[in-house]
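Enquirer: Supplied structure: target.cif, mmCIF, C-alpha atoms, pLDDT in the B column; chains and numbers go by the auth columns.
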```
data_target
loop_
_atom_site.group_PDB
_atom_site.id
_atom_site.type_symbol
_atom_site.label_atom_id
_atom_site.label_comp_id
_atom_site.label_asym_id
_atom_site.label_seq_id
_atom_site.Cartn_x
_atom_site.Cartn_y
_atom_site.Cartn_z
_atom_site.B_iso_or_equiv
_atom_site.auth_seq_id
_atom_site.auth_asym_id
ATOM 1 C CA MET A 1 -63.424 66.586 -104.512 39.00 77 A
ATOM 2 C CA ASN A 2 -60.609 66.227 -102.039 48.00 78 A
ATOM 3 C CA ASN A 3 -57.591 66.587 -104.330 88.00 79 A
ATOM 4 C CA SER A 4 -56.584 65.967 -107.891 92.00 80 A
ATOM 5 C CA ILE A 5 -53.743 64.413 -109.803 96.00 81 A
ATOM 6 C CA PRO A 6 -52.904 64.932 -113.475 97.00 82 A
ATOM 7 C CA ASP A 7 -54.092 62.267 -115.890 97.00 83 A
ATOM 8 C CA THR A 8 -50.437 61.658 -116.803 97.00 84 A
ATOM 9 C CA HIS A 9 -49.488 60.685 -113.222 97.00 85 A
ATOM 10 C CA PRO A 10 -48.614 56.951 -112.948 98.00 86 A
ATOM 11 C CA LEU A 11 -51.254 56.411 -110.233 98.00 87 A
ATOM 12 C CA ALA A 12 -53.921 58.095 -112.383 98.00 88 A
ATOM 13 C CA ILE A 13 -52.986 55.930 -115.352 98.00 89 A
ATOM 14 C CA SER A 14 -53.092 52.754 -113.234 98.00 90 A
ATOM 15 C CA VAL A 15 -56.442 53.479 -111.591 98.00 91 A
ATOM 16 C CA VAL A 16 -58.111 54.556 -114.851 98.00 92 A
ATOM 17 C CA GLU A 17 -56.853 51.402 -116.582 98.00 93 A
ATOM 18 C CA ALA A 18 -58.109 49.220 -113.716 99.00 94 A
ATOM 19 C CA ILE A 19 -61.547 50.867 -113.836 98.00 95 A
ATOM 20 C CA LYS A 20 -61.942 50.753 -117.624 97.00 96 A
ATOM 21 C CA ASN A 21 -60.678 47.158 -117.857 98.00 97 A
ATOM 22 C CA GLY A 22 -62.901 45.960 -115.015 98.00 98 A
ATOM 23 C CA ASP A 23 -59.863 44.850 -113.015 99.00 99 A
ATOM 24 C CA VAL A 24 -61.577 44.797 -109.630 98.00 100 A
ATOM 25 C CA ALA A 25 -58.686 43.002 -107.909 99.00 101 A
ATOM 26 C CA GLY A 26 -56.214 45.556 -109.245 99.00 102 A
ATOM 27 C CA LEU A 27 -58.474 48.429 -108.210 99.00 103 A
ATOM 28 C CA ARG A 28 -58.902 46.921 -104.744 98.00 104 A
ATOM 29 C CA GLN A 29 -55.116 46.710 -104.389 98.00 105 A
ATOM 30 C CA LEU A 30 -54.634 50.323 -105.530 99.00 106 A
ATOM 31 C CA LEU A 31 -57.265 51.497 -103.037 98.00 107 A
ATOM 32 C CA SER A 32 -55.619 49.459 -100.276 98.00 108 A
ATOM 33 C CA GLU A 33 -52.183 50.896 -101.028 98.00 109 A
ATOM 34 C CA ASN A 34 -53.540 54.458 -101.400 97.00 110 A
ATOM 35 C CA PRO A 35 -56.254 54.945 -98.737 93.00 111 A
ATOM 36 C CA ASN A 36 -57.387 58.364 -100.038 95.00 112 A
ATOM 37 C CA LEU A 37 -57.502 57.308 -103.682 97.00 113 A
ATOM 38 C CA ALA A 38 -61.301 56.968 -103.873 97.00 114 A
ATOM 39 C CA GLY A 39 -61.624 60.696 -103.155 95.00 115 A
ATOM 40 C CA VAL A 40 -59.015 61.767 -105.691 95.00 116 A
ATOM 41 C CA SER A 41 -60.057 63.386 -108.930 94.00 117 A
ATOM 42 C CA ILE A 42 -58.237 63.121 -112.237 96.00 118 A
ATOM 43 C CA HIS A 43 -57.335 66.357 -114.014 94.00 119 A
ATOM 44 C CA ASP A 44 -57.539 66.132 -117.796 90.00 120 A
ATOM 45 C CA LYS A 45 -55.271 68.968 -118.913 88.00 121 A
ATOM 46 C CA GLU A 46 -56.276 68.654 -122.580 89.00 122 A
ATOM 47 C CA ASN A 47 -59.957 69.315 -121.793 83.00 123 A
ATOM 48 C CA ASP A 48 -59.264 71.385 -118.655 84.00 124 A
ATOM 49 C CA ALA A 49 -61.669 69.295 -116.613 85.00 125 A
ATOM 50 C CA THR A 50 -61.333 67.381 -113.362 90.00 126 A
ATOM 51 C CA ARG A 51 -63.482 64.309 -112.755 92.00 127 A
ATOM 52 C CA SER A 52 -63.924 61.790 -109.982 95.00 128 A
ATOM 53 C CA LEU A 53 -63.128 58.093 -110.260 97.00 129 A
ATOM 54 C CA LEU A 54 -66.874 57.439 -110.370 97.00 130 A
ATOM 55 C CA HIS A 55 -66.993 59.657 -113.462 94.00 131 A
ATOM 56 C CA VAL A 56 -64.251 57.491 -114.959 95.00 132 A
ATOM 57 C CA ALA A 57 -66.346 54.373 -114.256 96.00 133 A
ATOM 58 C CA THR A 58 -69.410 55.899 -115.941 95.00 134 A
ATOM 59 C CA ASP A 59 -67.586 57.680 -118.773 92.00 135 A
ATOM 60 C CA TRP A 60 -68.860 57.435 -122.338 88.00 136 A
ATOM 61 C CA PRO A 61 -69.374 54.997 -123.969 89.00 137 A
ATOM 62 C CA GLY A 62 -69.978 53.249 -120.631 87.00 138 A
ATOM 63 C CA HIS A 63 -70.597 49.543 -120.202 92.00 139 A
ATOM 64 C CA PHE A 64 -67.135 48.816 -118.795 96.00 140 A
ATOM 65 C CA PRO A 65 -66.582 45.260 -117.500 97.00 141 A
ATOM 66 C CA ASN A 66 -67.530 44.711 -113.843 97.00 142 A
ATOM 67 C CA VAL A 67 -68.788 48.299 -113.571 96.00 143 A
ATOM 68 C CA SER A 68 -71.274 47.537 -110.783 96.00 144 A
ATOM 69 C CA GLU A 69 -68.609 45.931 -108.617 98.00 145 A
ATOM 70 C CA THR A 70 -66.168 48.719 -109.476 98.00 146 A
ATOM 71 C CA ILE A 71 -68.663 51.400 -108.430 97.00 147 A
ATOM 72 C CA CYS A 72 -69.531 49.586 -105.191 97.00 148 A
ATOM 73 C CA LEU A 73 -65.836 49.275 -104.365 98.00 149 A
ATOM 74 C CA LEU A 74 -65.211 52.974 -105.015 98.00 150 A
ATOM 75 C CA ILE A 75 -68.216 54.055 -102.934 97.00 151 A
ATOM 76 C CA THR A 76 -67.230 51.745 -100.077 98.00 152 A
ATOM 77 C CA ALA A 77 -63.749 53.275 -100.196 98.00 153 A
ATOM 78 C CA GLY A 78 -65.214 56.783 -99.860 97.00 154 A
ATOM 79 C CA ALA A 79 -65.961 58.075 -103.357 96.00 155 A
ATOM 80 C CA ASP A 80 -68.509 60.915 -103.420 94.00 156 A
ATOM 81 C CA VAL A 81 -71.550 59.869 -105.470 94.00 157 A
ATOM 82 C CA ASN A 82 -72.618 63.508 -105.789 91.00 158 A
ATOM 83 C CA ALA A 83 -69.281 64.791 -107.058 89.00 159 A
ATOM 84 C CA GLY A 84 -69.529 67.146 -109.987 84.00 160 A
ATOM 85 C CA ILE A 85 -66.952 67.800 -112.637 82.00 161 A
ATOM 86 C CA GLU A 86 -64.677 70.750 -112.083 75.00 162 A
ATOM 87 C CA GLY A 87 -64.266 72.834 -115.201 66.00 163 A
ATOM 88 C CA ALA A 88 -66.602 71.498 -117.859 59.00 164 A
ATOM 89 C CA ASP A 89 -69.986 71.142 -116.156 70.00 165 A
ATOM 90 C CA THR A 90 -71.531 69.900 -112.940 79.00 166 A
ATOM 91 C CA GLU A 91 -72.899 66.528 -114.012 87.00 167 A
ATOM 92 C CA THR A 92 -72.663 63.755 -111.449 89.00 168 A
ATOM 93 C CA PRO A 93 -71.550 60.195 -112.232 91.00 169 A
ATOM 94 C CA LEU A 94 -75.236 59.204 -112.331 88.00 170 A
ATOM 95 C CA HIS A 95 -75.802 61.718 -115.140 87.00 171 A
ATOM 96 C CA TRP A 96 -72.964 60.121 -117.068 88.00 172 A
ATOM 97 C CA ALA A 97 -74.272 56.593 -116.539 89.00 173 A
ATOM 98 C CA ALA A 98 -77.700 57.689 -117.766 89.00 174 A
ATOM 99 C CA SER A 99 -76.167 59.430 -120.795 87.00 175 A
ATOM 100 C CA SER A 100 -74.486 56.157 -121.752 86.00 176 A
ATOM 101 C CA ASN A 101 -77.654 54.156 -121.069 85.00 177 A
ATOM 102 C CA ASP A 102 -75.510 52.044 -118.741 83.00 178 A
ATOM 103 C CA VAL A 103 -78.079 50.394 -116.481 85.00 179 A
ATOM 104 C CA ALA A 104 -75.427 48.329 -114.685 82.00 180 A
ATOM 105 C CA ALA A 105 -73.710 51.516 -113.524 78.00 181 A
#
```
Spell out the structure here as structure tokens.
Expert:
Amino acid sequence: MNNSIPDTHPLAISVVEAIKNGDVAGLRQLLSENPNLAGVSIHDKENDATRSLLHVATDWPGHFPNVSETICLLITAGADVNAGIEGADTETPLHWAASSNDVAA
């Protein structure tokens, strides 16, 4: 992962909300305003883990609205599909999607 921001950072809060709410237009705007955002990871201080935005999109329980379009947008913007989690384990976003049985992801 290129760099990380704490999960309490306003940009982290905005991008996570956009992803989990399926707000593709909002996510597109955030990516446009922050060209390196797709490669940023979010550091969860409470769990001492850092995860990519693709991990956010495939996080348990999964099945977030517009997840396919969200994932395509993140990948097009440069997100690493093979990114592991720093800290907890090395599962990729695909592992997380499978764990949630989220076929759309």
Enquirer: Around all the atoms of region 96-113 of chain A listed in the file, draw an axis-aligned box and extend it by 5 Å on each of the six sides; I want its centre and edge lengths in Å to one decimal, as AutoDock Vina command-line options.
Expert:
```
--center_x -57.5 --center_y 50.7 --center_z -108.3 --size_x 20.7 --size_y 25.4 --size_z 29.1
```
Enquirer: State, in Å with one decimal place, the distance from CA of Asn123 (chain A) to CA of Asp135 (chain A).
Expert: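 CA of Asp135 (chain A) lies 14.2 Å from CA of Asn123 (chain A).
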Enquirer: At a cut-off of 10 Å, using all atoms listed in the file, what residues contact Leu87 (chain A)? Leave out same-chain residues fewer than 6 positions from it and give the result as a short mmCIF file (atom, residue, chain, number, x, y, z; two decimals) with C-alpha atoms, keeping the file's coordinate frame.
Expert:
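Below is the file part_30.cif, written as the result:
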```
data_model
loop_
_atom_site.label_atom_id
_atom_site.label_comp_id
_atom_site.auth_asym_id
_atom_site.auth_seq_id
_atom_site.Cartn_x
_atom_site.Cartn_y
_atom_site.Cartn_z
CA ILE A 81 -53.74 64.41 -109.80
CA GLU A 93 -56.85 51.40 -116.58
CA LEU A 106 -54.63 50.32 -105.53
CA ASN A 110 -53.54 54.46 -101.40
CA LEU A 113 -57.50 57.31 -103.68
CA ILE A 118 -58.24 63.12 -112.24
#
```
Enquirer: As a check of understanding, name the residues that the PyMOL selection byres ((chain A and resi 117) around 8) selects in the supplied structure, as a CSV table (one decimal) with C-alpha atoms, keeping the file's coordinate frame.
Expert:
```csv
chain,number,residue,atom,x,y,z
A,77,MET,CA,-63.4,66.6,-104.5
A,78,ASN,CA,-60.6,66.2,-102.0
A,79,ASN,CA,-57.6,66.6,-104.3
A,80,SER,CA,-56.6,66.0,-107.9
A,81,ILE,CA,-53.7,64.4,-109.8
A,115,GLY,CA,-61.6,60.7,-103.2
A,116,VAL,CA,-59.0,61.8,-105.7
A,118,ILE,CA,-58.2,63.1,-112.2
A,119,HIS,CA,-57.3,66.4,-114.0
A,126,THR,CA,-61.3,67.4,-113.4
A,127,ARG,CA,-63.5,64.3,-112.8
A,128,SER,CA,-63.9,61.8,-110.0
A,129,LEU,CA,-63.1,58.1,-110.3
```
Enquirer: Name every residue that the PyMOL selection byres ((chain A and resi 157) around 12) selects in this structure, writing the answer as JSON, numbers by chain with chains first and numbers rising.
Expert: {"A": [77, 114, 115, 127, 128, 129, 130, 131, 133, 134, 147, 148, 150, 151, 152, 153, 154, 155, 156, 158, 159, 160, 161, 167, 168, 169, 170, 171, 172, 173, 181]}
Enquirer: Just the number, please: distance in Å from CA of Ser176 (chain A) to CA of His139 (chain A), one decimal.
Expert: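 Distance reported for this atom pair: 7.8 Å.
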Enquirer: I need the residue nearest Leu149 (chain A) from this list: A:Ala125, A:Ala94, A:Val179, A:Leu103. Use all atoms listed in the file for the distance.
Expert: A:Leu103
Enquirer: Considering only C-alpha atoms, state which residue in the set A:Thr84, A:Ser175, A:Thr166, A:Thr146 is at the smallest distance from Gly102 (chain A).
Expert: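 Of A:Thr84, A:Ser175, A:Thr166, A:Thr146, the one nearest Gly102 (chain A) is A:Thr146, counting only C-alpha atoms.
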Enquirer: Step by step, work through what the PyMOL selection byres ((chain A and resi 142) around 8) selects in the shown file, and finish by giving those residues as an NGL selection string.
Expert: :A and (98-100 or 140-141 or 143-146)
Enquirer: When you draw a straight line from CA of Glu162 (chain A) to CA of Asn97 (chain A), how long is it in Å?
Expert: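 Here the two named atoms are 24.6 Å from each other.
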Enquirer: Could you tell me which of A:Ile95, A:Pro111, A:Arg104, A:Asp120 comes closest to Asp83 (chain A) if we count only C-alpha atoms?
Expert: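 Checking each of A:Ile95, A:Pro111, A:Arg104, A:Asp120 against Asp83 (chain A), counting only C-alpha atoms, the winner is A:Asp120.
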